[in-house]
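See structure below.
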Amino acid sequence: MPRMNMVQAINSAMDIMLARDPNVVLIGQDIGYFGGVFRCTDGLQRKYGEHRVIDAPIAEGGIVGSSIGMGVNGLRPVAEIQFADYIYPGCDQIISELARLRYRTAGDFFAPVTIRTPCGGGIRGGQTHSQSPEGIFTHLCGVKVVMPSNPYDAKGLLISSIEDDDPIIFFEPKRIYNGPFDGDPDKPAVPWSTHPKGEVPGDYYTIPIGRAEIVRPGEDVTVLCYGTMVHVCLAAAAHTQIDAEIIDLRTLSPLDVPAIVQSVEKTGRCVVVHEATRFSGYGAELAATVQEECFYSLEAPILRVTGWDTPYPHAFEWDYFPGKRRVAAALEQILEMS
Amino acid sequence: MPRMNMVQAINSAMDIMLARDPNVVLIGQDIGYFGGVFRCTDGLQRKYGEHRVIDAPIAEGGIVGSSIGMGVNGLRPVAEIQFADYIYPGCDQIISELARLRYRTAGDFFAPVTIRTPCGGGIRGGQTHSQSPEGIFTHLCGVKVVMPSNPYDAKGLLISSIEDDDPIIFFEPKRIYNGPFDGDPDKPAVPWSTHPKGEVPGDYYTIPIGRAEIVRPGEDVTVLCYGTMVHVCLAAAAHTQIDAEIIDLRTLSPLDVPAIVQSVEKTGRCVVVHEATRFSGYGAELAATVQEECFYSLEAPILRVTGWDTPYPHAFEWDYFPGKRRVAAALEQILEMS
Amino acid sequence: MTRKPRLHIPVPPARPGADPDFSYVDRVAAGAVGRPDPQARLRDLPDELIYSMVRVLDDEGVATGAWDPQLDPEQLQFGLRHMLETRLYDDHMTRMQRQGKISFYMKSRGEEAVAVAAAMALKPSDMLFPSYRVQGLQIARGRSLVDLMNQCLSNSRDMCKGRQMPVMYHWKRGNIFSISGNLTTQYPQAVGWAMAAAIKGEDDIAAAWIGEGSSAEADFHHAMTFASVYRAPVILNIVNNQYAISTFQGTAGGELRPFAARGPGYGVPGIRVDGNDFLAVYAVTQWAAERARTGRGATLIELVTYRVDAHSTSDDPSRYRPKNEPESWPYGDPVERLKRHLTRFGQWSETQHAAMIEEVQKQVDSEWQQAISNGTMTEGPFLDKNELFEDVYADMPPHLIQQREQMLAFDEREKH
Amino acid sequence: MTRKPRLHIPVPPARPGADPDFSYVDRVAAGAVGRPDPQARLRDLPDELIYSMVRVLDDEGVATGAWDPQLDPEQLQFGLRHMLETRLYDDHMTRMQRQGKISFYMKSRGEEAVAVAAAMALKPSDMLFPSYRVQGLQIARGRSLVDLMNQCLSNSRDMCKGRQMPVMYHWKRGNIFSISGNLTTQYPQAVGWAMAAAIKGEDDIAAAWIGEGSSAEADFHHAMTFASVYRAPVILNIVNNQYAISTFQGTAGGELRPFAARGPGYGVPGIRVDGNDFLAVYAVTQWAAERARTGRGATLIELVTYRVDAHSTSDDPSRYRPKNEPESWPYGDPVERLKRHLTRFGQWSETQHAAMIEEVQKQVDSEWQQAISNGTMTEGPFLDKNELFEDVYADMPPHLIQQREQMLAFDEREKH
Ligand SMILES: Cc1ncc(C[n+]2csc(CCOP(=O)(O)OP(=O)(O)O)c2C)c(N)n1
Ligand SMILES: Cc1ncc(C[n+]2csc(CCOP(=O)(O)OP(=O)(O)O)c2C)c(N)n1
Ligand SMILES: [Mg+2]
Ligand SMILES: [Mg+2]
C-alpha cells in the first residue's frame, strides 16, 4: 500500500475528486501553478487545467462568496484559505450565507462548498500562523467541522467532505503535515512513512463524517482530542503509563456523542484537550455535553488542557503549546481525584 | 430619581461621556442626524456636533477599522453596529486587530474602542435581526464582552466600557429596550418605568465590569443567565415557585467565577440559560467551568436551556425562543434529579 | 497648528423643514449620450457613459437617441402592467402590514422601472441576485403574487417555510436567487455563479442588484475584483435611490463621483442611467448583457432613481428629509413617464390605464384572498412545526432530532 | 450553446524556463508627466498621472521634469545611505535566518526607495502604517538596527516581547504603527488615525503601505470609502512589486488597469510612480502630503517596482518565475540609480560608495553583536516568561493570573 504524508493524502483526495466529478473546482491563493504554500495542490492545475484549479486574489471574503455562487450554479468548490488565521475576512460569507442558505431557502438553494485551511501551532508561526479557530465555526448551525489527525483519515474525510452537500470547514493541522508530532520539539522529526496511518490507499475511499475513532482503548480515563493533540495525548498516555482511552473526534460538528458517552460511562473520567484557547472554546462544549450525558458515571470533574487564554506567541511557544507534560499532568491529576 | 428605559439609559451614558471627555466620539450607521434606528443616539449629534457623532457608510469592517485608528490616535470611539447580525463583516478587524493590538505591541499601542450592538430575538426579526453571537466573541482573548439586562446596569456598564482601556463588545438585548420581557409575547408590554431598575440616576455613575449580580437569592438551584433571559428566568422561578438563585452575569468575559462558585456550592444545582444556539455556545463555557469548580457540590448535571441549533426563524418564533416554560421545565427537572 | 476640527462630513442638501434641493443631480437631456458598440473595449468607451446619464424618454414622453431600444407597443404595455402590478402590490402589502397582517414590508415605489425593465432585457435562464427592493424582477418574470404574499405571511405555502422575514423571497424555477438580510453578500455570489457558467461553457449570465449605500460593503470590492480578474459574465447594478435608510448618497461615497465611476478603476465599464426611464434601463441592461454573453465580461450599472417612500414599514422619512422631497425629484415617475410615452403615440389611453389599474387592483385583492386562505400569522393553515428543524443540513443530525423531540414534548406538556 | 470553458484566467508573461517578458510594463521617459498644482481639484488632474508614470531620473542618472524635488546633495546621500543600510540589513538577517539564528525573514531588495524616500518626504510626526516590506521607513526615521534585530530575535529587548514573528516591528516613539500578519488591516486604521487628526484639528497626516496583492482585501475598499467620504488626510500607498508570493499582479486585478486607477472612482486622486526612482517617490509623496495637510484629502499612490528576492525565507521564486527575471526589470535598481545620479554630478564617487558600504556593513555587524548580547532564540538573556500573559488586557484578569501560575507550576514540577 502506498505511503503518504498528510499533504500527499490531501492532494490525492482532491486529485481523485477532480477526476471523478467534472464539477469539482479548486480555488485559493497560490494553489494553482505554484501548488500551494504547503504544496497540497501540487501538480493539480497542470493536470486539470486553469479552469478547475484557480489562483485567487487575496480576498478570503471573495473566495468564499464566489465559491457560494459557483456552488449554487452546480459546481463543488473546494476553497483553500491559506492559513486559518486568515479566515476572518470570509466570516460574513461563511456565517451569514454559506451556513444558512439551505435553511433560508427551504432547501431550494445550497452550496456544497468545502473550505480547507491549515490550522494550529508548533511551527514558530506566531499569532498569525498558529491559530486554532475551530470553536468559532463549531458554534454555527449549517456547517460541519472536520479535523483529521493523520494521512489516512485526511484523505477519506476530505473525499467525504467534497461529496457532502453541506458546507464543510476542513481544518488541516499543519504541524503534522509531514509527520506525527508528540509535542516535543527537541525530538527528531518522524515521517508519516513509519506510521500505520501513513499507509494510504491510492484510490477512492471515504471515511464517514460524524464518526469519532478510538485510537487507544483504555479503562481509566477518556481523553477527547483531535488533530495534532491526538499524538500528544498518545505520548502522554505512554509517558504516564495511564490506561487512557483516547478518542480522536475527527468530526467536531456534528459531534459523535454516543462514542464519547460509551467511553466515559466506562472510564468515569474525562480529559478534554485542544490547542485552541480555553475560555468559551470547543472544549467547553465537550465538557458540557459529557457532564450532561454521563453525570452519574463521573468520578471526577472533567478537566480541560488547552492553549492559554492569550494570543499565540512567537517566543515561549513550548510554554504555550499544551504539550505532553501538561496532558500527562492532567491525566495524573484526574486519577488522583475522587 | 429619573426613570429611563434602556434606550434612554444608553443615550444618557453616551451623553455624559461625550460631555466629560472630548476624546469620546460615536460612529455608526444612521446614528447621527437620525439618532439611530433604535434611537439610542437621539439628539447627540445636535448637541455635540457632526465631528463627534458621525454617520458612517454601510461597512462594518470600515467602522471597526477606522475606530481602531481613531483609538490609536487618542480618541475613545464608541462604534454602533446596527444589529449584532451584521457584525461579521467587522470580524477580521475585531479578532485580528482590535483584540490583539495591545498584546502584539507589548502595550505600546491599544485602541479603547467600545462596540455597541443590539442583539437577541423576540421581535419577529427573523434570522438577520435576532441573533445572539456573543459566543463568538467570548472566545477571543483581549476583548471584554458585556450584556446588561436593565436600564440601570446598561448606563453604568456602558460608562465603564467607554472609560475602559480595553476593547469591549457591548451587547444590547433589543427586546428589552422599552421594557422587561418575561418571554410571554401575549402579555401586554410592561414599560421600564414600573421596574425598580428603571430608576436611573441622571448623572455619572459606573458599574464595574467583571461583576455578576444576584437578582434573586435562592437556595435550591443556581440559574446563570444574562440579558433578556434574566427576566424570563425570574418569571420561570415565580411560575414554578422554585427557590432559584438567579445570577445576572452582566459581564460575560472576563467571567465572575467566584460569584458563580459561591452560589452553586450552596445550591448544588445549576441551570444555564441563553437565547443563543446551544452547541459550542457560551453556555458550554459556563457548564464546563461550574463542573470544574464545583464538581463535588453538584447533585445533578448542569442543564442548558438555549435557542435550538437552527438559524433564528421568522415563523415559530415562540417555539424557538427559550421561554418561561422551557426554563421552568429545566428547573423542575433538575430538582427531580439526583 | 490649528485646533479647529476639519473632518469633512457629507451633509444632504435639504433637511426636514428646508426646501428640497436636487441641484446636485445634474439635468441631462434625453438622447444626450451616444451608444457605443457593445463590443467596444473599455478604453474606447467615452467618459460620458459615467459622468453624464443615459436617458431615452424626454419630458414629453418622446424616445430619442441611439439608446432607444425600439420596443414594440406590446412589450411596453407589458412593462407598464408589471410596474403597476409591483406598485399596487407594494401598496397593498403596506396596508396589510399596518393592519398587522404581516410583520414587516419594504416598498419599491418610484423604482419599479429599475427592476421590471432589467428583467425584460435579460433571458429567463439568466440568474438574478436581487436586493430586497427589486420585487419587480419577480413580477416581470411572471411570479404569481400569491407566492410572494405567502412568503410575507410565513404561511403554509411560504417558499421559505417561515424562515425569512417578509420580502426575502427566492424563486428557484424562475432563476431568482434568495434575498439575504445581510447587505451586498449576493454581489460576489453572482460573480461566482457567472464564473461557474463560464467554466462550464454555458451562455447564461448573472445579474445582481444592491443599493448605493450597500456599495460601501466589502463584498462590493470582492465582486468587482473577481469580476475583473476572471472577466465574469455578470451585470452588477447599483440602484442609487439617494438614500440608505436615513443617510443620503454622499455618506456612501457618492459626493465626489457617481457610483458608476467605480467600474473603470477595476477595468469594468461603468454606465450611469436614468433609473426612472423604462427604455433607458432596458437599453443599458441589454447592452451590458450582450457584452457579458459575448465574453466582454462585467458591467457596473448605476441606476439613478429616488426612494419615494419610507425605507421600510419601520421607518419614518419625515425625520430626516423634507416631506415634499419626493415630488421634486427631477426625473419624474417611471410609471407616469412610460404611460405618457405610450399615450403620446396612441398606444395607450387614460381609459385603458384606469382599466388596467382597476384590473390589477382586482387581481391583487383576489390573490390576497387566495394567499390568506393558505394561512396568516394568526390563522391556519400553519406550517408544520417540524419544519423548524429541517434544512439546517441536508440530513437532520442526531442533536437536531433530539431537540425537535424536546420541542414537541413541551407542546404535549402544555396540552395537559 | 458552447461547452468550451471561457473563464478568463490571468497568466503571467513568463514562467520558469521562458525568457523574462516585461512588455506589459510600459516604458515611460523621465520627465514625461507634468506636475499639477497640489491644490488642483480631482477633476482637473490629468489621466497621465495614472496611465503614464511619474519618473524623474533617466537612464543616465539625470533628473528631469517638473517632479524633480530639487533635493540637496546631503539629503540624497542620506537617502542613499539609508537604502544601503536597509539592503545590507536585509542581507545580513537573511543569512542569520539561514543559519537558524532567527525563525523567518522578509527582504525588500529592489524596493528600498519606496520606503526610504517616502519617509524622508514626510514629517517625523506623521503616523506611518507599514506593511512588512517597508523596513526602510524605520531605518530612514533613524531607528537603530539593534532594535529591529532584537525583535527578529524575540530576545530580552524585543519591543514586541516575543509576541510577533520577525519583521512585525512597531515604533511608538518614532510614530510607526505595528505591522500585522493580516494583510491590509492597517489601511482603514490609517484612515481612522487621519480622521482623528482632522477631528482634533491637528496637522499631522497618516500614510499606509500595502502590496498590490493586498489591494484585493476588503480593507482596501473600506479605507478608500472612508478616506473619500470624510476627505481624511492620509496617503494610501500600493507597492506594486509585480508579485504576491507566487501570483503576478494580474491575479490581483492589475491586468486591465493600473492600481492607481482605483482612486478616481472614489473621488481620490491616483498617481503611478516609478518606485525605483528615489526622486520620483520623494516628489510624489511630498505632493500627496501637501494635499492632505491642506485639506484636500487622500491620495492613492501606486509605486511600480519589482520584488527582486523571494517573498520570504520560506519561499522559492524559481518555482514560478524565470530565474533571470529580476535582472531584466526595465526600471533598474533604486540604489544604483540614485548612486549614478549623485556620481554624475560629482556629489558621489565609487570610492565614497565602497567606503559607505564597508562602513554600513561594519555597523550592521556590530549592531548584530549588540543584538545577540540581548539574547537569541537559543541563548539568554531571555524574556521573562511571565510576559506571556501580560498585555492581553490592560490589567490581568483572574483567569490569566491562574493560568500563569499553572504554567510556572509545571516548570517547578519539571525541575524535580
Ligand atoms: C451588513 C448589513 N449592515 C447593515 C444592515 C442594515 N440595513 C438594512 S437596509 C440598510 C440601508 C441600505 O441602503 P441601500 O443599500 O442604499 O439600499 P436601499 O434601502 O436604498 O434600497 C441598512 C443599513 C444590513 N441589513 N446588513
Ligand atoms: C488576510 C491574509 N490573507 C493571506 C495572507 C498570506 N499572505 C502573506 S503575504 C501574501 C502576499 C501579499 O502580496 P502583496 O500584497 O503583493 O505584498 P508583497 O509580498 O508583494 O510585498 C499572502 C497571500 C495574509 N498574511 N493575510
Ligand atoms: Mg439606497
Ligand atoms: Mg506584491
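In the C-alpha cells, chains take letters A, B, ... by order of appearance, with residues numbered from 1 within each chain and ligands from 1 in the order shown.
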
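Residues of chain D lying within 6 Å of chain B, counting only C-alpha atoms, are D:Cys160, D:Arg163, D:Pro188, D:Gln189, D:Ala190, D:Gly192, D:Trp193, D:Ala196, D:His222, D:Asp391, D:Val392, D:Tyr393.
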
>> At a cut-off of 7 Å around ligand 4, and using only C-alpha atoms and all ligand atoms, what residues come up? Please write them as a PyMOL selection string.
In response: chain D and resi 211-213+239-244

>> Can you work out which residues are within 12 Å of ligand 3, considering only C-alpha atoms and all ligand atoms, and then hand them over as an NGL selection string?
In response: (:B and (57-58)) or (:C and (108 or 111 or 131-134 or 183 or 209-216 or 238-254 or 259 or 302-312))

>> I need the chain D residues near chain C as JSON, numbers by chain; criterion: at most 6 Å, counting only C-alpha atoms.
In response: {"D": [2, 3, 4, 5, 6, 7, 8, 9, 198, 199, 200, 201, 218, 229, 230, 231, 253, 256, 257, 261, 262, 265, 267]}

With N, CA, C and O atoms retained, export the selected residues as a short mmCIF file (atom, residue, chain, number, x, y, z; two decimals), in the first residue's frame.
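Produced file selection-v1.cif, reproduced below:
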data_model
loop_
_atom_site.label_atom_id
_atom_site.label_comp_id
_atom_site.auth_asym_id
_atom_site.auth_seq_id
_atom_site.Cartn_x
_atom_site.Cartn_y
_atom_site.Cartn_z
N THR D 2 -22.28 27.04 -26.46
CA THR D 2 -20.93 26.48 -26.45
C THR D 2 -20.73 25.67 -25.17
O THR D 2 -21.41 25.86 -24.19
N ARG D 3 -19.76 24.76 -25.19
CA ARG D 3 -19.47 23.96 -24.00
C ARG D 3 -17.99 24.12 -23.63
O ARG D 3 -17.47 23.41 -22.80
N LYS D 4 -17.35 25.04 -24.30
CA LYS D 4 -15.92 25.24 -24.08
C LYS D 4 -15.75 26.22 -22.90
O LYS D 4 -16.38 27.27 -22.88
N PRO D 5 -14.93 25.86 -21.90
CA PRO D 5 -14.73 26.80 -20.80
C PRO D 5 -14.26 28.15 -21.34
O PRO D 5 -13.44 28.21 -22.26
N ARG D 6 -14.83 29.23 -20.84
CA ARG D 6 -14.40 30.53 -21.34
C ARG D 6 -14.14 31.50 -20.20
O ARG D 6 -14.23 32.70 -20.36
N LEU D 7 -13.80 30.92 -19.04
CA LEU D 7 -13.40 31.79 -17.93
C LEU D 7 -12.02 32.35 -18.22
O LEU D 7 -11.11 31.61 -18.60
N HIS D 8 -11.89 33.65 -18.08
CA HIS D 8 -10.57 34.25 -18.30
C HIS D 8 -9.68 34.02 -17.08
O HIS D 8 -10.08 34.26 -15.95
N ILE D 9 -8.48 33.51 -17.32
CA ILE D 9 -7.52 33.32 -16.23
C ILE D 9 -6.27 34.15 -16.54
O ILE D 9 -5.64 33.96 -17.58
N ALA D 198 -7.93 64.96 12.02
CA ALA D 198 -8.79 66.02 11.49
C ALA D 198 -9.84 66.44 12.53
O ALA D 198 -10.12 67.62 12.69
N ILE D 199 -10.37 65.46 13.24
CA ILE D 199 -11.35 65.79 14.28
C ILE D 199 -10.71 66.67 15.34
O ILE D 199 -11.29 67.65 15.80
N LYS D 200 -9.48 66.34 15.69
CA LYS D 200 -8.78 67.10 16.73
C LYS D 200 -8.19 68.40 16.18
O LYS D 200 -7.66 69.21 16.93
N GLY D 201 -8.27 68.57 14.88
CA GLY D 201 -7.73 69.78 14.28
C GLY D 201 -6.21 69.81 14.28
O GLY D 201 -5.60 70.88 14.34
N ALA D 218 -10.81 43.30 1.51
CA ALA D 218 -11.92 44.19 1.83
C ALA D 218 -11.44 45.53 2.41
O ALA D 218 -12.00 46.58 2.10
N VAL D 229 -15.18 59.66 1.81
CA VAL D 229 -16.36 60.27 2.44
C VAL D 229 -15.94 61.39 3.40
O VAL D 229 -16.54 62.47 3.39
N TYR D 230 -14.90 61.15 4.18
CA TYR D 230 -14.50 62.14 5.20
C TYR D 230 -13.31 62.99 4.77
O TYR D 230 -12.79 63.77 5.58
N ARG D 231 -12.84 62.82 3.49
CA ARG D 231 -11.66 63.55 3.00
C ARG D 231 -10.52 63.47 4.01
O ARG D 231 -9.95 64.50 4.40
N GLY D 253 -5.76 41.86 -10.03
CA GLY D 253 -6.63 42.79 -10.72
C GLY D 253 -5.87 43.89 -11.46
O GLY D 253 -6.43 44.93 -11.77
N LEU D 256 -5.92 44.83 -16.37
CA LEU D 256 -6.62 45.76 -17.26
C LEU D 256 -6.32 47.21 -16.94
O LEU D 256 -6.41 48.07 -17.82
N ARG D 257 -6.01 47.51 -15.70
CA ARG D 257 -5.83 48.89 -15.28
C ARG D 257 -4.73 48.95 -14.23
O ARG D 257 -4.60 48.02 -13.43
N ALA D 261 -5.49 53.50 -10.78
CA ALA D 261 -6.77 53.87 -11.40
C ALA D 261 -7.95 53.63 -10.47
O ALA D 261 -9.06 54.11 -10.72
N ARG D 262 -7.72 52.89 -9.37
CA ARG D 262 -8.82 52.66 -8.43
C ARG D 262 -9.23 53.95 -7.73
O ARG D 262 -10.35 54.07 -7.25
N GLY D 265 -12.36 56.67 -9.01
CA GLY D 265 -13.72 56.17 -8.85
C GLY D 265 -14.28 56.51 -7.48
O GLY D 265 -15.49 56.65 -7.30
N GLY D 267 -13.27 59.24 -5.96
CA GLY D 267 -13.04 60.66 -5.76
C GLY D 267 -11.68 60.93 -5.12
O GLY D 267 -11.46 61.99 -4.56
#

> Which is closest to ligand 2 among B:Met229, B:Cys91, B:Leu298, B:Ile168, if we use only C-alpha atoms and all ligand atoms?
Replying inline: B:Cys91

> Skipping near chain neighbours, those fewer than 2 positions away, what residues fall within 10 Å of Tyr320 of chain A using only C-alpha atoms, listed as an NGL selection string?
Replying inline: (:A and (121-122 or 275 or 277 or 306-318 or 322-323)) or (:D and (388-389 or 407))

>> For a quick test of understanding: name the residues of chain A lying within 7 Å of chain B when counting only C-alpha atoms, and present them as a ChimeraX atom specification.
In response: /A:88-89,91-92,100,135-136,138-139,141,279-282,284-285,287-288,291-292,295,301-303,309-311

> What's the 7 Å shell around Ala208 of chain C, counting only C-alpha atoms, without same-chain residues fewer than 2 positions away, as a VMD selection string?
Replying inline: chain C and resid 128 to 130 186 to 187 190 206 210 235 to 237

Can you write just those residues out, all heavy atoms, as a PDB file, in the first residue's frame?
ATOM      1  N   LEU C 128     -30.692  35.812 -11.527  1.00  0.00           N
ATOM      2  CA  LEU C 128     -30.805  37.123 -10.895  1.00  0.00           C
ATOM      3  C   LEU C 128     -30.513  37.043  -9.395  1.00  0.00           C
ATOM      4  O   LEU C 128     -31.014  36.158  -8.708  1.00  0.00           O
ATOM      5  CB  LEU C 128     -32.207  37.688 -11.117  1.00  0.00           C
ATOM      6  CG  LEU C 128     -32.750  37.611 -12.549  1.00  0.00           C
ATOM      7  CD1 LEU C 128     -34.114  38.289 -12.638  1.00  0.00           C
ATOM      8  CD2 LEU C 128     -31.766  38.233 -13.542  1.00  0.00           C
ATOM      9  N   PHE C 129     -29.698  37.942  -8.904  1.00  0.00           N
ATOM     10  CA  PHE C 129     -29.341  38.023  -7.477  1.00  0.00           C
ATOM     11  C   PHE C 129     -29.857  39.356  -6.927  1.00  0.00           C
ATOM     12  O   PHE C 129     -29.153  40.364  -6.962  1.00  0.00           O
ATOM     13  CB  PHE C 129     -27.828  37.889  -7.300  1.00  0.00           C
ATOM     14  CG  PHE C 129     -27.302  36.521  -7.619  1.00  0.00           C
ATOM     15  CD1 PHE C 129     -27.124  36.113  -8.933  1.00  0.00           C
ATOM     16  CD2 PHE C 129     -26.995  35.637  -6.598  1.00  0.00           C
ATOM     17  CE1 PHE C 129     -26.646  34.841  -9.235  1.00  0.00           C
ATOM     18  CE2 PHE C 129     -26.506  34.366  -6.881  1.00  0.00           C
ATOM     19  CZ  PHE C 129     -26.336  33.970  -8.196  1.00  0.00           C
ATOM     20  N   PRO C 130     -31.092  39.358  -6.431  1.00  0.00           N
ATOM     21  CA  PRO C 130     -31.757  40.610  -6.085  1.00  0.00           C
ATOM     22  C   PRO C 130     -31.394  41.149  -4.703  1.00  0.00           C
ATOM     23  O   PRO C 130     -30.935  40.414  -3.831  1.00  0.00           O
ATOM     24  CB  PRO C 130     -33.231  40.219  -6.100  1.00  0.00           C
ATOM     25  CG  PRO C 130     -33.254  38.774  -5.754  1.00  0.00           C
ATOM     26  CD  PRO C 130     -31.961  38.182  -6.254  1.00  0.00           C
ATOM     27  N   GLN C 186     -24.851  39.107  -1.930  1.00  0.00           N
ATOM     28  CA  GLN C 186     -25.213  38.492  -3.213  1.00  0.00           C
ATOM     29  C   GLN C 186     -24.282  38.930  -4.346  1.00  0.00           C
ATOM     30  O   GLN C 186     -24.253  38.289  -5.400  1.00  0.00           O
ATOM     31  CB  GLN C 186     -26.668  38.809  -3.586  1.00  0.00           C
ATOM     32  CG  GLN C 186     -26.943  40.265  -3.986  1.00  0.00           C
ATOM     33  CD  GLN C 186     -27.262  41.168  -2.809  1.00  0.00           C
ATOM     34  OE1 GLN C 186     -26.793  40.960  -1.699  1.00  0.00           O
ATOM     35  NE2 GLN C 186     -28.062  42.203  -3.042  1.00  0.00           N
ATOM     36  N   TYR C 187     -23.531  39.979  -4.119  1.00  0.00           N
ATOM     37  CA  TYR C 187     -22.692  40.512  -5.213  1.00  0.00           C
ATOM     38  C   TYR C 187     -21.574  39.539  -5.618  1.00  0.00           C
ATOM     39  O   TYR C 187     -21.517  39.141  -6.777  1.00  0.00           O
ATOM     40  CB  TYR C 187     -22.151  41.878  -4.797  1.00  0.00           C
ATOM     41  CG  TYR C 187     -22.536  43.037  -5.705  1.00  0.00           C
ATOM     42  CD1 TYR C 187     -23.824  43.174  -6.197  1.00  0.00           C
ATOM     43  CD2 TYR C 187     -21.599  44.008  -6.059  1.00  0.00           C
ATOM     44  CE1 TYR C 187     -24.164  44.247  -7.020  1.00  0.00           C
ATOM     45  CE2 TYR C 187     -21.930  45.086  -6.884  1.00  0.00           C
ATOM     46  CZ  TYR C 187     -23.211  45.190  -7.362  1.00  0.00           C
ATOM     47  OH  TYR C 187     -23.539  46.251  -8.176  1.00  0.00           O
ATOM     48  N   ALA C 190     -23.060  36.366  -7.112  1.00  0.00           N
ATOM     49  CA  ALA C 190     -23.450  36.479  -8.518  1.00  0.00           C
ATOM     50  C   ALA C 190     -22.225  36.319  -9.417  1.00  0.00           C
ATOM     51  O   ALA C 190     -22.278  35.650 -10.453  1.00  0.00           O
ATOM     52  CB  ALA C 190     -24.116  37.832  -8.772  1.00  0.00           C
ATOM     53  N   ALA C 206     -25.210  36.258 -15.149  1.00  0.00           N
ATOM     54  CA  ALA C 206     -25.808  36.608 -13.860  1.00  0.00           C
ATOM     55  C   ALA C 206     -25.968  38.119 -13.778  1.00  0.00           C
ATOM     56  O   ALA C 206     -25.248  38.874 -14.440  1.00  0.00           O
ATOM     57  CB  ALA C 206     -24.915  36.106 -12.719  1.00  0.00           C
ATOM     58  N   ILE C 210     -27.756  45.908  -5.858  1.00  0.00           N
ATOM     59  CA  ILE C 210     -27.590  46.412  -4.489  1.00  0.00           C
ATOM     60  C   ILE C 210     -27.975  47.896  -4.498  1.00  0.00           C
ATOM     61  O   ILE C 210     -28.073  48.522  -5.554  1.00  0.00           O
ATOM     62  CB  ILE C 210     -26.132  46.293  -3.975  1.00  0.00           C
ATOM     63  CG1 ILE C 210     -25.169  47.073  -4.884  1.00  0.00           C
ATOM     64  CG2 ILE C 210     -25.724  44.837  -3.823  1.00  0.00           C
ATOM     65  CD1 ILE C 210     -23.754  47.197  -4.336  1.00  0.00           C
ATOM     66  N   ILE C 235     -23.702  41.239 -14.665  1.00  0.00           N
ATOM     67  CA  ILE C 235     -24.090  42.647 -14.633  1.00  0.00           C
ATOM     68  C   ILE C 235     -24.260  43.043 -13.177  1.00  0.00           C
ATOM     69  O   ILE C 235     -25.035  42.421 -12.446  1.00  0.00           O
ATOM     70  CB  ILE C 235     -25.406  42.890 -15.395  1.00  0.00           C
ATOM     71  CG1 ILE C 235     -25.267  42.445 -16.851  1.00  0.00           C
ATOM     72  CG2 ILE C 235     -25.807  44.365 -15.332  1.00  0.00           C
ATOM     73  CD1 ILE C 235     -26.572  42.532 -17.646  1.00  0.00           C
ATOM     74  N   LEU C 236     -23.508  44.036 -12.750  1.00  0.00           N
ATOM     75  CA  LEU C 236     -23.563  44.485 -11.358  1.00  0.00           C
ATOM     76  C   LEU C 236     -24.278  45.829 -11.309  1.00  0.00           C
ATOM     77  O   LEU C 236     -23.774  46.831 -11.816  1.00  0.00           O
ATOM     78  CB  LEU C 236     -22.148  44.568 -10.787  1.00  0.00           C
ATOM     79  CG  LEU C 236     -21.418  43.210 -10.729  1.00  0.00           C
ATOM     80  CD1 LEU C 236     -19.933  43.374 -10.431  1.00  0.00           C
ATOM     81  CD2 LEU C 236     -22.080  42.274  -9.720  1.00  0.00           C
ATOM     82  N   ASN C 237     -25.471  45.808 -10.733  1.00  0.00           N
ATOM     83  CA  ASN C 237     -26.301  47.017 -10.682  1.00  0.00           C
ATOM     84  C   ASN C 237     -26.228  47.694  -9.323  1.00  0.00           C
ATOM     85  O   ASN C 237     -26.372  47.031  -8.284  1.00  0.00           O
ATOM     86  CB  ASN C 237     -27.766  46.661 -10.951  1.00  0.00           C
ATOM     87  CG  ASN C 237     -27.974  46.099 -12.344  1.00  0.00           C
ATOM     88  OD1 ASN C 237     -27.937  46.818 -13.328  1.00  0.00           O
ATOM     89  ND2 ASN C 237     -28.153  44.782 -12.418  1.00  0.00           N
TER      90      ASN C 237
END

> Per DSSP on the backbone, what are the strand (DSSP E or B) residues of segment 80-323 of chain D, as a PyMOL selection string?
Replying inline: chain D and resi 127-129+171+176+206-211+234-240+243-244+247-248+270-274+299-304

> Got a sec: who's within 10 Å of segment 193-200 of chain A, counting only C-alpha atoms, leaving out chain neighbours fewer than 2 positions off, as a list in words?
Replying inline: Met1, Pro2, Arg3, Met4, Asn5, Met6, Gln8, Ala9, Ser12, Ser149, Asn150, Pro151, Tyr152, Asp153, Ala154, Lys155, Gly156, Asn178, Gly179, Pro180, Val190, Pro191, Gly202, Asp203 and Tyr205 of chain A

>> If I take atom CA of Arg76 of chain A and atom CA of Val24 of chain A, how far is one from the other in Å, to one decimal?
In response: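 A separation of 4.5 Å between them.
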
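For the atom pair formed by atom CA of Ile16 of chain A and atom CA of Glu134 of chain A, the distance is 26.7 Å, given to one decimal.
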
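Interatomic distance, atom CA of Gly31 of chain D against atom CA of Leu57 of chain D: 8.0 Å.
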
>> Could you list, as a ChimeraX atom specification, every residue within 10 Å of Glu219 of chain B, counting only C-alpha atoms and ignoring same-chain residues fewer than 6 positions away?
In response: /B:242-245,263-264,266-269
